[in-house]
Every structure is written in C-alpha cells, then in structure tokens.
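J.: Below is a structure I'd like to ask you about.
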Amino acid sequence: MSTNTHVLVLNCGSSSFKFALIDSQSGNQLLSGLAEKLGHTDAIITIKRNGEKNSLALGEHNQHVDAIKVLVGTLKQLGLDDGISAIGHRVVHGGEAFTESAIIDDDVIFAIEAVSALAPLHNPANLIGIKAAQVAFPGVPQVAVFDTAFHQTMPAKAFMYGIDKNLYKDKGIRRYGFHGTSHYFVSQKAAEWLDKSTKDTSVITVHLGNGCSVCAVNDGKSMDTSLGMTPLEGLMMGTRSGDIDPGVIIHLMKQYNYDASQIDDLLNKQSGMLGLSQLSNDCRTLEDALNDADNDKRQAAQLTLEVFSYRVAKYIASYTCALTHLDAVVFTGGIGENSSYIRNRIVKHLSLLGLTIDESKNQQARFGQAGAIHDSTSRTPIIVIPTNEEWVIAQDAARLTKEAK
Ligand code: ADP
C-alpha cells in the first residue's frame, strides 16, 4: 500500500485549469500552476516550483488533455509522479445530489452531468478535467469536491425563492450557494483561533475575491449564504452584478430588446466593480484610482468601493438573523485578506452591531497574515484568515481514498 500523501488538485475551467500538488498531511504545496487559453493556438502552461516559474507554449496541442500530459511529464522529470495517492477535482455545482465530497465513478459522473444545466459554464469544464485526468492517471482514485456541498445544510427558509414552488420541484430552481470549501475552511480555522469546538462555533465568513460571498455558519453548519442558484446573486463582485431588481431585466428585454446572452454578458461580465467604475474589476486598481489626478476617476472609484463595502456590511448585519450567537466575523479571499481599506469601510457600517476595528492591526493583516483586527471595545472579534481551498480538496481526496481501501 502506498504511504504517499501527495494529492494532485485540479480546478478546471472551460479554457483554463489551475493545479497544485499538495502534501495532504502538512498542506505544503510541492508544485502549482495554471494552463490558460486552452483550445487556442496561444495556449500556455505555467508551472511554479520553489518560487520559480516556467512557462511552455502548447501550440497545436492545446486541449485540456494535452496540458495535463505536459504536467504529467513535468511531474515525472521531477520524480513527483510516483505514488500520487489521489486526484481532487473542484466541481462547482453538486445540486442537491451531493452533501459531501465523493469518489468519482460512473454514477458520480452521471450525477455531475445531470446538474450541468444549473452550471453550464462550469460543470462541463469540470467534467473535461475529470475525464482528461482519468486518461493521464489511470488507476489513481479521483475525488470530486463540490463548491455547493457545505451549503446543503441551509434550511428551506434560506434556500427557497419566493416564486412558484413548482419551479423548485420540477426544475431545481432554488439557492445552492458556492465557495463552500472556502467558507468551511475559514470557519474551521476560526473555531481553532477561538479555541472552541467547531460544533459550538457560530461565525459570519466573508469571502471577497473576484467572486464574493458571505456565509452564516451556525454551530459549524452553513445556514445561509449569498450566492444563489448561480454564482450571480448577492454581493457586488469584480464583474458580476450581485443582487439586482429582476424587474430591471424585464425592462431591458421589453424596452431595449436585450436577449438572454446580452443579459448574461451584462450581469456576469460587464457589471460589478468593472461596470460601476468603468475603470477596472480589480480592487487594487480602484484603490489606486482613489488618488488619481483625474477627479472623475477618483469619484468613480470612491462610489464603486462604497457600494461594494455597504453591500457587504448589509449582508453581514442581515446574517445575524441566521445565528444563535456570533463568535466572530471572518474576512478571507484576495480582497478580504489584503484590503485594509475595504475592511475598514465595511466595519464602519456595523457600529450598531458593536463591531469596531483597530486600524493599526487592520493595516498589518495583509499578504497571508492571519490575525485579529478588532479593538478592545468590539462586541465581537473580527479576524482575517487566509483561505486554502486546495488544502480542503487535498484532505478530502486523501481521506475518502483511504476510507475506500
Ligand atoms: P479569485 O476569486 O479569482 O480567487 P482572489 O481571491 O485572488 O480572486 O481575489 C482577487 C481580488 O483581490 C482582486 O480584486 C484584487 O485586486 C484583490 N486584491 C489582491 N491583493 C490586494 C491588495 N493588496 N489590496 C486590495 N485588493 C487586493
């Protein structure tokens, strides 16, 4: 029996995939990287190891399976291919079929295909990755880890939409939530930080990256989260609108002849920070623009970051409804972990909840540094915890593979 604890984690998109080789016991990343522009002649794979980056153009051989072959070749060259114990795949949508991670077999593939209609951009891409990995690593167990699974504990009052209930019964239209591995991971870490058992810990976790969501975790279980049937609901994001009056969509269709793909493009790709600022989807660029010499740019950046922060604060306040008590508010994701400006703006709106920030601690919590950022008068701790979705995937893959032996 192999005692190897290495797990290859794959996160496959339609034209790209991220990968990481992880020691599932220590959490150490032995290698990581990204294959981009797959399906195009300028496709490229970049592999990072020990702080060094190497890129290779894929040329005519530019499909997912070709990029995985290059990855396998590199792992062989480095002597890292031997005894990979499992492959963990991030799968975006598990619908109601998956409340936890699963070893991939024909039934699991069929079930992932069956919910693909709910995530047409993501699940088919995840399946391409699974099938390519099955070819490249024959005999190595593969595990699916679902973004939605952690949120399957949400009660009906949180997951039902106020529409004809037959749409739920017949078509599965309900809220599912995403970013589950991240909310799970940081809520576990928060319990450790608070020195409490997970099942007694209630926190609000705030994942702010390109995609953004808030989650109410009561006694270790997700009770509500802001992403919905698709990753479009809730907070304003980099290019996604988040909550919007559905009447706006009807209006654009009826009065301005928008069709479904225009609405899709508008709400998923041209909205959020990018749409509102007309400057960038990137929080750092907008923070820099706060000091721009151009008054219009300054004002656009200020308004965008204010709308963003106010929306996050409203969600945090409303999620106290889902909890029996509140042990901590936890920030994570690229923005949550690094932007002291955004955290400050959010917490300022929460003074009625008794949340107050220590600005010098807030400034220090950056670049992967975990830590508390509240001051001594705050009713509730506010903590910054870097997320590590790859590690959750690696641990689940290793655990399930071991249990199956
Ligand atoms: P993804 O959701 O794609 O994983 P990330 O979690 O990496 O994205 O978050 C990307 C976001 O984090 C971008 O908006 C980026 O500007 C922001 N970000 C990263 N570092 C900083 C920083 N130092 N200050 C402000 N924002 C930051």
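As shown in the structure tokens, the chain order sets the letters A, B, ...; within each chain, residues go from 1, and ligands are also counted from 1 in the order they appear.
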Counting only C-alpha atoms, what is within 9 Å of region 202-219 of chain A, bar same-chain residues fewer than 4 positions away, as a ChimeraX atom specification?
T.: /A:151,177-180,182-184,186-187,190-191,197-198,223-227,231-240,242,281-283,312,315-316,319-337,387
J.: Which neighbours of region 358-364 of chain A fall inside 7 Å, counting only C-alpha atoms, when residues of the same chain fewer than 4 positions from it are skipped, and could you give them as a list in words?
T.: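 Returned residues: Ser340, Ile373, His374 and Asp375 of chain A.
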J.: Restricting the calculation to only C-alpha atoms: of A:Ala301, A:Ser351, A:Ile383, A:Gly79, which residue gets closest to Arg284 (chain A)?
T.: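 Checking each candidate against Arg284 (chain A), we get A:Ala301 as the closest.
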J.: Which one is closest to Asn123 (chain A): A:Val72, A:Cys12, A:Ala300, A:Ala149? Count only C-alpha atoms.
T.: A:Cys12
J.: Write down as a PyMOL selection string the residues belonging to region 236-375 of chain A that are assigned strand (DSSP E) by DSSP computed on the backbone.
T.: chain A and resi 328-332+371-372
J.: For those residues, write N, CA and C atoms to a file as a compact mmCIF listing (two decimals), in the first residue's frame.
T.:
```txt
# COMPACT_ATOMS: atom_id res chain seq x y z
N ALA A 328 -17.57 35.45 15.82
CA ALA A 328 -16.57 36.24 15.09
C ALA A 328 -17.08 36.55 13.69
N VAL A 329 -16.54 37.63 13.14
CA VAL A 329 -16.70 37.90 11.71
C VAL A 329 -15.34 37.63 11.09
N VAL A 330 -15.32 36.86 10.00
CA VAL A 330 -14.06 36.41 9.42
C VAL A 330 -13.94 36.91 7.98
N PHE A 331 -12.84 37.58 7.67
CA PHE A 331 -12.60 38.03 6.30
C PHE A 331 -11.60 37.11 5.61
N THR A 332 -11.87 36.79 4.34
CA THR A 332 -10.94 35.98 3.56
C THR A 332 -11.05 36.34 2.07
N GLY A 371 -4.93 37.16 11.48
CA GLY A 371 -4.89 37.88 12.75
C GLY A 371 -6.17 38.60 13.05
N ALA A 372 -6.31 39.01 14.31
CA ALA A 372 -7.49 39.76 14.74
C ALA A 372 -7.30 41.22 14.40
```
J.: Restricting the calculation to only C-alpha atoms and all ligand atoms: of A:Ala57, A:Met229, A:Leu286, A:Leu71, which residue gets closest to ligand 1?
T.: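 Of A:Ala57, A:Met229, A:Leu286, A:Leu71, the one nearest ligand 1, counting only C-alpha atoms and all ligand atoms, is A:Leu286.
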J.: For ligand 1, which of A:Leu353, A:Leu274, A:Ala20, A:Ala144 is the closest residue, counting only C-alpha atoms and all ligand atoms?
T.: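 The closest residue to ligand 1 is A:Leu274.
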J.: Got a sec: who's within 8 Å of region 46-53 of chain A, counting only C-alpha atoms, leaving out chain neighbours fewer than 4 positions off, as number ranges by chain?
T.: A: 30-35
J.: I want to know what sits within 12 Å of Asp288 (chain A), based on only C-alpha atoms, with residues of the same chain fewer than 3 positions away left out; could you give that as an MDAnalysis selection string?
T.: chainID A and resid 279:280 282:285 291:294 297:298 300:302 305 339 341
J.: Just write the chosen residues, N, CA and C atoms, as a PDB file, in the first residue's frame.
T.:
```
ATOM      1  N   LEU A 279     -13.743  51.520 -14.782  1.00  0.00           N
ATOM      2  CA  LEU A 279     -12.272  51.610 -14.730  1.00  0.00           C
ATOM      3  C   LEU A 279     -11.643  50.222 -14.700  1.00  0.00           C
ATOM      4  N   SER A 280     -12.086  49.382 -13.757  1.00  0.00           N
ATOM      5  CA  SER A 280     -11.438  48.084 -13.578  1.00  0.00           C
ATOM      6  C   SER A 280     -12.292  47.173 -12.707  1.00  0.00           C
ATOM      7  N   ASP A 282     -10.636  45.192 -10.780  1.00  0.00           N
ATOM      8  CA  ASP A 282      -9.626  44.830  -9.797  1.00  0.00           C
ATOM      9  C   ASP A 282      -9.619  45.834  -8.651  1.00  0.00           C
ATOM     10  N   CYS A 283      -9.776  45.310  -7.443  1.00  0.00           N
ATOM     11  CA  CYS A 283      -9.898  46.183  -6.272  1.00  0.00           C
ATOM     12  C   CYS A 283      -8.651  47.049  -6.073  1.00  0.00           C
ATOM     13  N   ARG A 284      -7.471  46.452  -6.331  1.00  0.00           N
ATOM     14  CA  ARG A 284      -6.225  47.226  -6.151  1.00  0.00           C
ATOM     15  C   ARG A 284      -6.197  48.440  -7.066  1.00  0.00           C
ATOM     16  N   THR A 285      -6.590  48.222  -8.336  1.00  0.00           N
ATOM     17  CA  THR A 285      -6.578  49.328  -9.303  1.00  0.00           C
ATOM     18  C   THR A 285      -7.529  50.427  -8.836  1.00  0.00           C
ATOM     19  N   ASN A 291      -6.575  57.997  -5.594  1.00  0.00           N
ATOM     20  CA  ASN A 291      -5.603  59.112  -5.559  1.00  0.00           C
ATOM     21  C   ASN A 291      -5.292  59.635  -6.954  1.00  0.00           C
ATOM     22  N   ASP A 292      -6.127  59.276  -7.928  1.00  0.00           N
ATOM     23  CA  ASP A 292      -5.849  59.703  -9.305  1.00  0.00           C
ATOM     24  C   ASP A 292      -5.990  61.221  -9.439  1.00  0.00           C
ATOM     25  N   ALA A 293      -5.196  61.808 -10.318  1.00  0.00           N
ATOM     26  CA  ALA A 293      -5.273  63.254 -10.539  1.00  0.00           C
ATOM     27  C   ALA A 293      -6.613  63.634 -11.178  1.00  0.00           C
ATOM     28  N   ASP A 294      -7.204  62.703 -11.902  1.00  0.00           N
ATOM     29  CA  ASP A 294      -8.471  62.943 -12.605  1.00  0.00           C
ATOM     30  C   ASP A 294      -9.642  62.801 -11.610  1.00  0.00           C
ATOM     31  N   LYS A 297     -12.264  60.041 -12.251  1.00  0.00           N
ATOM     32  CA  LYS A 297     -11.792  58.684 -11.904  1.00  0.00           C
ATOM     33  C   LYS A 297     -11.831  58.490 -10.397  1.00  0.00           C
ATOM     34  N   ARG A 298     -11.396  59.506  -9.675  1.00  0.00           N
ATOM     35  CA  ARG A 298     -11.406  59.411  -8.203  1.00  0.00           C
ATOM     36  C   ARG A 298     -12.810  59.145  -7.691  1.00  0.00           C
ATOM     37  N   ALA A 300     -15.417  57.967  -9.365  1.00  0.00           N
ATOM     38  CA  ALA A 300     -15.944  56.666  -9.819  1.00  0.00           C
ATOM     39  C   ALA A 300     -15.426  55.551  -8.913  1.00  0.00           C
ATOM     40  N   ALA A 301     -14.131  55.609  -8.579  1.00  0.00           N
ATOM     41  CA  ALA A 301     -13.541  54.573  -7.721  1.00  0.00           C
ATOM     42  C   ALA A 301     -14.156  54.631  -6.325  1.00  0.00           C
ATOM     43  N   GLN A 302     -14.339  55.852  -5.819  1.00  0.00           N
ATOM     44  CA  GLN A 302     -14.883  56.013  -4.466  1.00  0.00           C
ATOM     45  C   GLN A 302     -16.298  55.456  -4.378  1.00  0.00           C
ATOM     46  N   LEU A 305     -16.267  51.514  -4.602  1.00  0.00           N
ATOM     47  CA  LEU A 305     -15.804  50.838  -3.390  1.00  0.00           C
ATOM     48  C   LEU A 305     -16.789  51.036  -2.241  1.00  0.00           C
ATOM     49  N   SER A 339      -7.144  43.831   1.710  1.00  0.00           N
ATOM     50  CA  SER A 339      -7.543  45.242   1.606  1.00  0.00           C
ATOM     51  C   SER A 339      -7.993  45.804   2.958  1.00  0.00           C
ATOM     52  N   TYR A 341      -8.399  48.842   3.459  1.00  0.00           N
ATOM     53  CA  TYR A 341      -9.342  49.915   3.120  1.00  0.00           C
ATOM     54  C   TYR A 341     -10.783  49.375   3.107  1.00  0.00           C
TER      55      TYR A 341
END
```
J.: Please provide the set of residues having any atom within 6 Å of region 389-401 of chain A, restricted to only C-alpha atoms, with same-chain residues fewer than 6 positions apart removed, written as an mmCIF file with all heavy atoms, in the first residue's frame.
T.:
```cif
data_model
loop_
_atom_site.group_PDB
_atom_site.id
_atom_site.type_symbol
_atom_site.label_atom_id
_atom_site.label_comp_id
_atom_site.auth_asym_id
_atom_site.auth_seq_id
_atom_site.Cartn_x
_atom_site.Cartn_y
_atom_site.Cartn_z
ATOM 1 N N VAL A 7 -1.406 14.694 -3.130
ATOM 2 C CA VAL A 7 -2.666 14.742 -3.882
ATOM 3 C C VAL A 7 -2.534 15.826 -4.948
ATOM 4 O O VAL A 7 -2.054 16.930 -4.666
ATOM 5 C CB VAL A 7 -3.852 15.073 -2.949
ATOM 6 C CG1 VAL A 7 -5.134 15.271 -3.752
ATOM 7 C CG2 VAL A 7 -4.058 13.960 -1.923
ATOM 8 N N SER A 24 -1.069 16.187 1.582
ATOM 9 C CA SER A 24 -2.358 16.310 2.274
ATOM 10 C C SER A 24 -2.200 16.311 3.790
ATOM 11 O O SER A 24 -3.145 16.641 4.505
ATOM 12 C CB SER A 24 -3.312 15.197 1.834
ATOM 13 O OG SER A 24 -2.741 13.951 2.143
ATOM 14 N N GLY A 27 -0.034 20.061 4.226
ATOM 15 C CA GLY A 27 -0.619 21.190 3.490
ATOM 16 C C GLY A 27 0.388 21.866 2.580
ATOM 17 O O GLY A 27 0.044 22.797 1.854
ATOM 18 N N GLY A 88 -7.819 15.319 -6.644
ATOM 19 C CA GLY A 88 -9.014 16.004 -6.135
ATOM 20 C C GLY A 88 -9.469 17.046 -7.129
ATOM 21 O O GLY A 88 -8.669 17.898 -7.547
ATOM 22 N N VAL A 143 -11.416 12.215 -6.848
ATOM 23 C CA VAL A 143 -12.453 12.640 -5.898
ATOM 24 C C VAL A 143 -13.012 13.994 -6.335
ATOM 25 O O VAL A 143 -12.251 14.881 -6.731
ATOM 26 C CB VAL A 143 -11.853 12.726 -4.468
ATOM 27 C CG1 VAL A 143 -12.830 13.364 -3.499
ATOM 28 C CG2 VAL A 143 -11.444 11.340 -3.978
ATOM 29 N N THR A 181 -16.059 25.343 0.007
ATOM 30 C CA THR A 181 -14.804 24.869 0.616
ATOM 31 C C THR A 181 -14.119 26.006 1.362
ATOM 32 O O THR A 181 -13.527 25.789 2.421
ATOM 33 C CB THR A 181 -13.825 24.289 -0.436
ATOM 34 O OG1 THR A 181 -13.866 25.098 -1.593
ATOM 35 C CG2 THR A 181 -14.172 22.878 -0.806
ATOM 36 N N SER A 182 -14.209 27.224 0.833
ATOM 37 C CA SER A 182 -13.572 28.359 1.498
ATOM 38 C C SER A 182 -14.291 28.698 2.805
ATOM 39 O O SER A 182 -13.659 28.858 3.858
ATOM 40 C CB SER A 182 -13.568 29.573 0.561
ATOM 41 O OG SER A 182 -12.988 30.673 1.220
#
```
